[in-house]
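Single-structure report; data block below.
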Amino acid sequence: MAQRHLDPTDSRPRPVGTAPTGDALAGYLRDQATEFLRALRLHRETGSGANGSEASAEAARALRRSARRISASLHTFQPLLDSDWCETMRPELAWVSGTLAMEHAYTARLERLLTALHRLSGSTAFPAQAPGRDATAGSRADAHASGRAPGAAPALPSTAPRDAGPRTAPASERGSLTVGAAKAGALLDRQLTLARTRAHSTALQALGSSRFHAVADKVAVLASEVPLLATAAASDLRPHATAAEERLTDAVTALPLVTAGHPYNAAALVHGLSPDTVPHPQDAPWHQVRLLLRLHRYAREALTGPKGNAAVDLRLLSAGQALNQHRDASEAAAAAAQAARTPRIAPATAYALGVLHADQRHEVEAARFAFQQAWQKETVGAS
């Protein structure tokens with residue numbers, strides 16, 4: 001009896017004993033390539049202003065999602081595909097996804113840091129400075145922090161309306177939000193907004209480049225023609241997906257999960273005062289687990305389709321969310337430390353940034369604890 005071709009998007013259960021094959025992988029890749037092209041068309045239709053519209057931002061997120069899934073599938077199932085084609089496409093898809101992710105990353109990082117400053121100060125929002133001596137002192141401190149002369153125009157325009165007069169905050173807000181925290185927030189706003197603007201320009205240039213057009217052309221071909229090897233159509237996908245799961249399991253085993261089983265044990269604060277500006281040495285293994293978990297999730301999608309084992313997928317999603325929080329907190333802590341290295345900032349500003357850095361490193365620890373809890377559920381559920 002001829003084997004029925006399997007559609008990975010088909011939610012109907014497969015016949016008992018029927019293994020997902022290269023045909024299922026081809027269908028999955030075609031679906032993801034179609035999503036990529038659909039998102040690209042939406043992005044071109046919505047256009048992009050100075051900061052990009054919401055529809056354009058959603059289209060960019062869809063581009064990143066499909067690019068990640070195609071790249072992950074090429075990595076996991078490369079023995080079933082044309083090797084040279086995979087080696088050419090994977091770095092290009094990673095470039096697309098990484099370039100489009102930067103603007104969103106800076107936006108989220110700024111929001112995270114400002115929210116943490118509000119929380120640590122017991123304030124719900126940054127109060128605008130009242131006119132007079134404090135405002136003059138604040139602008140002078142900002143000038144020193146940015147390296148410009150007092151009275152010179154700021155590097156970036158204020159987000160407040162130009163015709164808005166001086167605003168004051170309630171006394172409770174002004175009292176609870178320290179001057180150091182306010183100036184730290186202004187410094188972070190200036191630095192990360194500039195970085196976000198540059199990332200937006202870089203993404204626009206990338207989407208209009210010949211390099212991106214070459215990637216889009218290859219994805220368009222992939223939507224109709226998947227470069228499977230001659231023997232891959234009937235090959236079982238499960239051994240390759242199992243290998244991806246084993247790589248993840250080995251990486252998790254190497255993590256200090258016993259330590260992470262205790263909330264806020266402050267292990268993430270080790271070397272917190274190091275002058276070295278490289279990424280925190282403890283974070284790299286956790287970031288690697290995050291990438292391997294993503295490969296494992298996408299391999300499961302290729303095997304079972306989006307209607308797979310909902311209970312297992314939910315646990316994997318919880319573990320992935322914890323690792324996303326870990327990455328975000330780690331990068332936010334690095335941004336706070338980088339801002340604290342700005343020359344000639346006031347001691348109160350540096351102190352606020354130091355407290356913010358410690359807070360985000362504690363968030364790193366909390367994310368590790370959350371991952372340990374989610375992974376234990378995953379392990380118990382799979383046993």
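Ligands are numbered from 1 in the order shown, chains are lettered A, B, ... in the order of the structure tokens, and residues start at 1 in each chain.
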For region 238-254 of chain A, find every residue with an atom within 8 Å (counting only C-alpha atoms), except residues of its own chain fewer than 4 positions away, and show them as a VMD selection string. chain A and resid 19 to 20 76 to 77 285 288 to 289 292 to 293 295 to 296 299 to 300 303
Members of region 195-265 of chain A assigned alpha helix (DSSP H) by DSSP, as a PyMOL selection string: chain A and resi 195-207+210-222+238-253+257-260
Writing out the chosen residues with C-alpha atoms as a CSV table (one decimal), in the first residue's frame:
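New file part_35.csv:
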```
chain,number,residue,atom,x,y,z
A,195,ALA,CA,20.3,53.0,19.3
A,196,ARG,CA,16.7,52.2,18.3
A,197,THR,CA,16.7,54.9,15.7
A,198,ARG,CA,19.9,53.5,14.2
A,199,ALA,CA,18.6,50.0,14.3
A,200,HIS,CA,15.4,51.1,12.5
A,201,SER,CA,17.5,52.8,9.7
A,202,THR,CA,19.7,49.6,9.5
A,203,ALA,CA,16.6,47.4,9.1
A,204,LEU,CA,15.2,49.7,6.3
A,205,GLN,CA,18.5,49.6,4.5
A,206,ALA,CA,18.7,45.8,4.8
A,207,LEU,CA,15.2,45.3,3.5
A,210,SER,CA,20.4,43.4,-3.0
A,211,ARG,CA,21.4,40.9,-0.3
A,212,PHE,CA,17.9,40.8,1.1
A,213,HIS,CA,16.3,40.6,-2.3
A,214,ALA,CA,18.5,37.5,-3.0
A,215,VAL,CA,17.3,35.9,0.2
A,216,ALA,CA,13.6,36.7,-0.7
A,217,ASP,CA,14.1,35.2,-4.2
A,218,LYS,CA,15.4,32.0,-2.7
A,219,VAL,CA,12.5,31.8,-0.2
A,220,ALA,CA,10.1,32.3,-3.1
A,221,VAL,CA,11.6,29.3,-4.8
A,222,LEU,CA,11.4,27.4,-1.5
A,238,ARG,CA,12.1,11.5,14.2
A,239,PRO,CA,15.8,10.6,14.6
A,240,HIS,CA,16.8,14.1,13.6
A,241,ALA,CA,14.3,15.6,15.9
A,242,THR,CA,15.4,13.3,18.7
A,243,ALA,CA,19.0,14.4,18.1
A,244,ALA,CA,17.9,18.1,18.6
A,245,GLU,CA,16.1,17.1,21.8
A,246,GLU,CA,19.2,15.3,23.1
A,247,ARG,CA,21.4,18.3,22.4
A,248,LEU,CA,19.0,20.4,24.4
A,249,THR,CA,18.9,17.9,27.3
A,250,ASP,CA,22.7,17.7,27.4
A,251,ALA,CA,22.9,21.5,27.6
A,252,VAL,CA,20.3,21.7,30.3
A,253,THR,CA,22.1,19.0,32.3
A,257,LEU,CA,19.8,23.8,38.1
A,258,VAL,CA,20.4,22.9,41.7
A,259,THR,CA,21.5,26.4,42.4
A,260,ALA,CA,18.7,27.8,40.2
```
Point-to-point distance in Å for CA of Asp84 (chain A) and CA of Ser97 (chain A): 20.7 Å
Could you give me, as a CSV table (one decimal) with N, CA, C and O atoms, in the first residue's frame, the residues within 12 Å of region 110-121 of chain A, counting only C-alpha atoms and dropping anything in the same chain fewer than 5 positions from it?
```csv
chain,number,residue,atom,x,y,z
A,103,GLU,N,15.6,46.6,16.4
A,103,GLU,CA,14.8,47.8,16.8
A,103,GLU,C,13.8,47.4,17.9
A,103,GLU,O,13.7,48.1,18.9
A,104,HIS,N,13.1,46.3,17.8
A,104,HIS,CA,12.2,45.8,18.8
A,104,HIS,C,13.0,45.6,20.1
A,104,HIS,O,12.4,45.9,21.2
A,105,ALA,N,14.2,45.0,20.1
A,105,ALA,CA,14.9,44.7,21.3
A,105,ALA,C,15.3,46.0,22.0
A,105,ALA,O,15.1,46.1,23.3
A,126,PHE,N,7.5,58.8,35.5
A,126,PHE,CA,8.5,59.9,35.7
A,126,PHE,C,7.9,61.2,35.7
A,126,PHE,O,7.2,61.6,34.7
A,127,PRO,N,8.1,62.0,36.7
A,127,PRO,CA,7.5,63.4,36.7
A,127,PRO,C,8.3,64.3,35.9
A,127,PRO,O,9.6,64.2,35.9
A,172,SER,N,3.6,63.7,45.8
A,172,SER,CA,4.0,62.3,46.2
A,172,SER,C,4.9,61.7,45.1
A,172,SER,O,5.9,61.0,45.4
A,173,GLU,N,4.6,62.0,43.8
A,173,GLU,CA,5.5,61.5,42.8
A,173,GLU,C,6.9,62.1,42.8
A,173,GLU,O,7.9,61.4,42.7
A,174,ARG,N,6.9,63.4,43.0
A,174,ARG,CA,8.2,64.1,43.1
A,174,ARG,C,9.1,63.6,44.3
A,174,ARG,O,10.3,63.5,44.2
A,175,GLY,N,8.4,63.3,45.3
A,175,GLY,CA,9.1,62.9,46.5
A,175,GLY,C,9.6,61.5,46.4
A,175,GLY,O,10.7,61.1,46.9
A,176,SER,N,8.8,60.6,45.7
A,176,SER,CA,9.2,59.2,45.7
A,176,SER,C,10.2,58.9,44.6
A,176,SER,O,11.0,57.9,44.7
A,177,LEU,N,10.2,59.7,43.5
A,177,LEU,CA,11.2,59.5,42.4
A,177,LEU,C,12.4,60.3,42.7
A,177,LEU,O,12.3,61.6,42.6
A,178,THR,N,13.5,59.8,42.9
A,178,THR,CA,14.7,60.5,43.3
A,178,THR,C,15.2,61.2,42.0
A,178,THR,O,15.0,60.8,40.9
A,179,VAL,N,16.0,62.3,42.3
A,179,VAL,CA,16.7,63.0,41.2
A,179,VAL,C,17.6,62.1,40.4
A,179,VAL,O,17.7,62.1,39.2
A,180,GLY,N,18.3,61.2,41.2
A,180,GLY,CA,19.2,60.3,40.5
A,180,GLY,C,18.5,59.3,39.6
A,180,GLY,O,19.0,59.1,38.5
A,181,ALA,N,17.3,58.8,40.0
A,181,ALA,CA,16.6,57.9,39.2
A,181,ALA,C,16.1,58.6,37.9
A,181,ALA,O,16.0,58.1,36.8
A,182,ALA,N,15.6,59.9,38.1
A,182,ALA,CA,15.1,60.6,37.0
A,182,ALA,C,16.1,60.9,35.9
A,182,ALA,O,15.9,60.7,34.7
A,183,LYS,N,17.3,61.3,36.4
A,183,LYS,CA,18.4,61.5,35.5
A,183,LYS,C,18.9,60.2,34.9
A,183,LYS,O,19.3,60.2,33.7
A,184,ALA,N,18.9,59.1,35.6
A,184,ALA,CA,19.3,57.8,35.0
A,184,ALA,C,18.3,57.4,34.0
A,184,ALA,O,18.7,57.0,32.9
A,185,GLY,N,17.0,57.7,34.2
A,185,GLY,CA,16.0,57.4,33.2
A,185,GLY,C,16.2,58.2,31.9
A,185,GLY,O,16.1,57.7,30.8
A,186,ALA,N,16.6,59.5,32.1
A,186,ALA,CA,16.8,60.4,31.0
A,186,ALA,C,18.0,59.9,30.2
A,186,ALA,O,18.0,60.0,28.9
A,187,LEU,N,19.0,59.5,30.9
A,187,LEU,CA,20.2,59.0,30.2
A,187,LEU,C,20.0,57.8,29.4
A,187,LEU,O,20.4,57.6,28.2
A,188,LEU,N,19.3,56.8,30.0
A,188,LEU,CA,18.9,55.6,29.3
A,188,LEU,C,18.0,55.9,28.1
A,188,LEU,O,18.2,55.3,27.0
A,189,ASP,N,17.1,56.8,28.3
A,189,ASP,CA,16.2,57.1,27.2
A,189,ASP,C,17.0,57.7,26.0
A,189,ASP,O,16.7,57.3,24.9
A,190,ARG,N,17.9,58.5,26.3
A,190,ARG,CA,18.7,59.1,25.3
A,190,ARG,C,19.6,58.1,24.5
A,190,ARG,O,19.6,58.0,23.3
A,191,GLN,N,20.2,57.2,25.3
A,191,GLN,CA,21.1,56.3,24.7
A,191,GLN,C,20.4,55.2,23.9
A,191,GLN,O,20.7,54.9,22.8
A,192,LEU,N,19.3,54.6,24.5
A,192,LEU,CA,18.6,53.5,23.8
A,192,LEU,C,17.7,54.0,22.7
A,192,LEU,O,17.5,53.3,21.7
A,193,THR,N,17.2,55.3,22.8
A,193,THR,CA,16.4,55.8,21.7
A,193,THR,C,17.3,56.0,20.5
A,193,THR,O,16.9,55.8,19.3
A,194,LEU,N,18.5,56.5,20.7
A,194,LEU,CA,19.5,56.7,19.6
A,194,LEU,C,19.8,55.3,19.0
A,194,LEU,O,19.8,55.2,17.8
A,195,ALA,N,20.0,54.3,19.8
A,195,ALA,CA,20.3,53.0,19.3
A,195,ALA,C,19.1,52.4,18.5
A,195,ALA,O,19.3,51.8,17.5
A,196,ARG,N,17.9,52.6,19.0
A,196,ARG,CA,16.7,52.2,18.3
A,196,ARG,C,16.6,52.8,17.0
A,196,ARG,O,16.2,52.2,16.0
A,325,GLN,N,12.9,35.9,29.2
A,325,GLN,CA,13.0,36.8,30.3
A,325,GLN,C,14.5,36.9,30.8
A,325,GLN,O,15.0,38.0,31.1
A,328,ASP,N,16.4,39.0,28.3
A,328,ASP,CA,16.0,40.4,28.4
A,328,ASP,C,16.6,41.1,29.6
A,328,ASP,O,17.1,42.2,29.5
A,329,ALA,N,16.5,40.4,30.7
A,329,ALA,CA,17.1,41.0,32.0
A,329,ALA,C,18.6,41.1,31.9
A,329,ALA,O,19.2,42.1,32.4
A,330,SER,N,19.2,40.1,31.3
A,330,SER,CA,20.7,40.1,31.2
A,330,SER,C,21.1,41.3,30.3
A,330,SER,O,22.0,42.0,30.7
A,331,GLU,N,20.4,41.5,29.2
A,331,GLU,CA,20.8,42.6,28.3
A,331,GLU,C,20.4,43.9,28.9
A,331,GLU,O,21.1,44.9,28.7
A,332,ALA,N,19.3,44.0,29.7
A,332,ALA,CA,19.0,45.2,30.3
A,332,ALA,C,20.0,45.6,31.4
A,332,ALA,O,20.4,46.8,31.6
A,333,ALA,N,20.5,44.6,32.1
A,333,ALA,CA,21.5,44.9,33.1
A,333,ALA,C,22.8,45.4,32.5
A,333,ALA,O,23.5,46.3,33.0
A,334,ALA,N,23.1,44.8,31.3
A,334,ALA,CA,24.3,45.3,30.6
A,334,ALA,C,24.1,46.7,30.1
A,334,ALA,O,25.1,47.5,30.1
A,335,ALA,N,22.9,47.1,29.7
A,335,ALA,CA,22.6,48.4,29.3
A,335,ALA,C,22.8,49.4,30.4
A,335,ALA,O,23.3,50.5,30.3
A,336,ALA,N,22.3,49.0,31.6
A,336,ALA,CA,22.4,49.9,32.8
A,336,ALA,C,23.9,50.0,33.2
A,336,ALA,O,24.3,51.2,33.5
A,337,ALA,N,24.7,49.0,33.1
A,337,ALA,CA,26.1,49.1,33.4
A,337,ALA,C,26.8,50.0,32.4
A,337,ALA,O,27.7,50.8,32.7
A,339,ALA,N,25.5,52.4,30.7
A,339,ALA,CA,25.1,53.8,31.0
A,339,ALA,C,25.9,54.4,32.1
A,339,ALA,O,26.2,55.5,32.2
A,349,THR,N,23.2,59.7,39.9
A,349,THR,CA,22.8,59.0,38.7
A,349,THR,C,23.5,57.7,38.6
A,349,THR,O,22.8,56.6,38.3
A,351,TYR,N,24.6,55.9,41.1
A,351,TYR,CA,24.0,55.1,42.1
A,351,TYR,C,22.7,54.4,41.7
A,351,TYR,O,22.5,53.2,41.8
A,352,ALA,N,21.9,55.3,41.1
A,352,ALA,CA,20.6,54.7,40.6
A,352,ALA,C,20.8,53.7,39.5
A,352,ALA,O,20.1,52.6,39.5
A,353,LEU,N,21.8,53.9,38.6
A,353,LEU,CA,22.1,52.9,37.6
A,353,LEU,C,22.6,51.6,38.2
A,353,LEU,O,22.4,50.5,37.7
A,354,GLY,N,23.4,51.8,39.3
A,354,GLY,CA,23.9,50.6,39.9
A,354,GLY,C,22.8,49.8,40.6
A,354,GLY,O,22.8,48.5,40.5
A,355,VAL,N,21.9,50.5,41.2
A,355,VAL,CA,20.7,49.7,41.8
A,355,VAL,C,19.9,49.1,40.7
A,355,VAL,O,19.5,47.9,40.9
A,356,LEU,N,19.8,49.8,39.6
A,356,LEU,CA,19.0,49.2,38.5
A,356,LEU,C,19.7,47.9,37.9
A,356,LEU,O,19.1,46.9,37.6
A,357,HIS,N,21.0,48.0,37.8
A,357,HIS,CA,21.8,46.9,37.3
A,357,HIS,C,21.6,45.7,38.3
A,357,HIS,O,21.4,44.5,37.8
A,358,ALA,N,21.7,45.9,39.6
A,358,ALA,CA,21.5,44.8,40.5
A,358,ALA,C,20.1,44.2,40.5
A,358,ALA,O,19.9,43.0,40.5
A,359,ASP,N,19.1,45.1,40.3
A,359,ASP,CA,17.7,44.7,40.1
A,359,ASP,C,17.6,43.7,38.9
A,359,ASP,O,16.9,42.7,39.0
A,360,GLN,N,18.2,44.1,37.8
A,360,GLN,CA,18.0,43.3,36.6
A,360,GLN,C,18.8,42.0,36.7
A,360,GLN,O,18.4,40.9,36.2
A,361,ARG,N,19.9,42.0,37.5
A,361,ARG,CA,20.6,40.7,37.7
A,361,ARG,C,19.8,39.8,38.6
A,361,ARG,O,19.8,38.6,38.5
A,362,HIS,N,19.1,40.4,39.5
A,362,HIS,CA,18.1,39.6,40.3
A,362,HIS,C,17.0,39.0,39.5
A,362,HIS,O,16.5,37.9,39.7
A,363,GLU,N,16.6,39.8,38.5
A,363,GLU,CA,15.6,39.3,37.5
A,363,GLU,C,16.2,38.1,36.7
A,363,GLU,O,15.4,37.2,36.3
```
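Picture a line from CA of Ala284 (chain A) to CA of Gly320 (chain A); it runs 15.5 Å.
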With distances taken over only C-alpha atoms, which residue among A:Ser53, A:Thr231, A:Gln32, A:Gln372 lies nearest Ala67 (chain A)?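 Under the stated criterion, the closest residue is A:Gln32.
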Counting only C-alpha atoms, what is within 10 Å of Arg38 (chain A), bar same-chain residues fewer than 6 positions away, as a list in words? Gln32, Ala59, Ala62 and Leu63 of chain A
Kindly save the residues from that selection, with N, CA, C and O atoms included, as a PDB file, in the first residue's frame.
```
ATOM      1  N   GLN A  32       6.162  27.777   5.746  1.00  0.00           N
ATOM      2  CA  GLN A  32       6.926  28.866   6.351  1.00  0.00           C
ATOM      3  C   GLN A  32       7.426  29.849   5.290  1.00  0.00           C
ATOM      4  O   GLN A  32       7.467  31.063   5.527  1.00  0.00           O
ATOM      5  N   ALA A  59       4.382  43.048  10.667  1.00  0.00           N
ATOM      6  CA  ALA A  59       4.905  42.351   9.490  1.00  0.00           C
ATOM      7  C   ALA A  59       6.366  41.959   9.696  1.00  0.00           C
ATOM      8  O   ALA A  59       6.793  40.869   9.303  1.00  0.00           O
ATOM      9  N   ALA A  62       6.467  38.946  11.863  1.00  0.00           N
ATOM     10  CA  ALA A  62       6.119  37.745  11.102  1.00  0.00           C
ATOM     11  C   ALA A  62       7.276  37.298  10.221  1.00  0.00           C
ATOM     12  O   ALA A  62       7.523  36.087  10.061  1.00  0.00           O
ATOM     13  N   LEU A  63       7.997  38.243   9.637  1.00  0.00           N
ATOM     14  CA  LEU A  63       9.184  37.895   8.851  1.00  0.00           C
ATOM     15  C   LEU A  63      10.211  37.178   9.714  1.00  0.00           C
ATOM     16  O   LEU A  63      10.796  36.171   9.306  1.00  0.00           O
TER      17      LEU A  63
END
```
Exercise: Phe369 (chain A) partners within 8 Å, only C-alpha atoms, chain neighbours under 3 positions left out, as a VMD selection string: chain A and resid 260 to 263 365 to 366 372 to 373
Expressed in Å to a single decimal, how great is the separation between CA of Trp95 (chain A) and CA of Ser71 (chain A)? 10.5 Å
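Of the listed residues (A:Ser66, A:Asp236, A:Trp286, A:Ala60), A:Ala60 comes nearest to Arg41 (chain A); the distances count only C-alpha atoms.
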Residues near Ala302 (chain A), cut-off 9 Å, only C-alpha atoms, skip fewer than 5 positions along chain, as a VMD selection string: chain A and resid 8 to 9 20 24 to 25 27 to 29 73 237 241 297
Which polymer residues have any atom within 12 Å of an atom of Ala230 (chain A), counting only C-alpha atoms, with same-chain residues fewer than 4 positions away left out, as a list in words?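 Non-adjacent residues within range: Gly22, Asp23, Pro79, Leu80, Leu81, Asp82, Val226, Ala234 and Ser235 of chain A.
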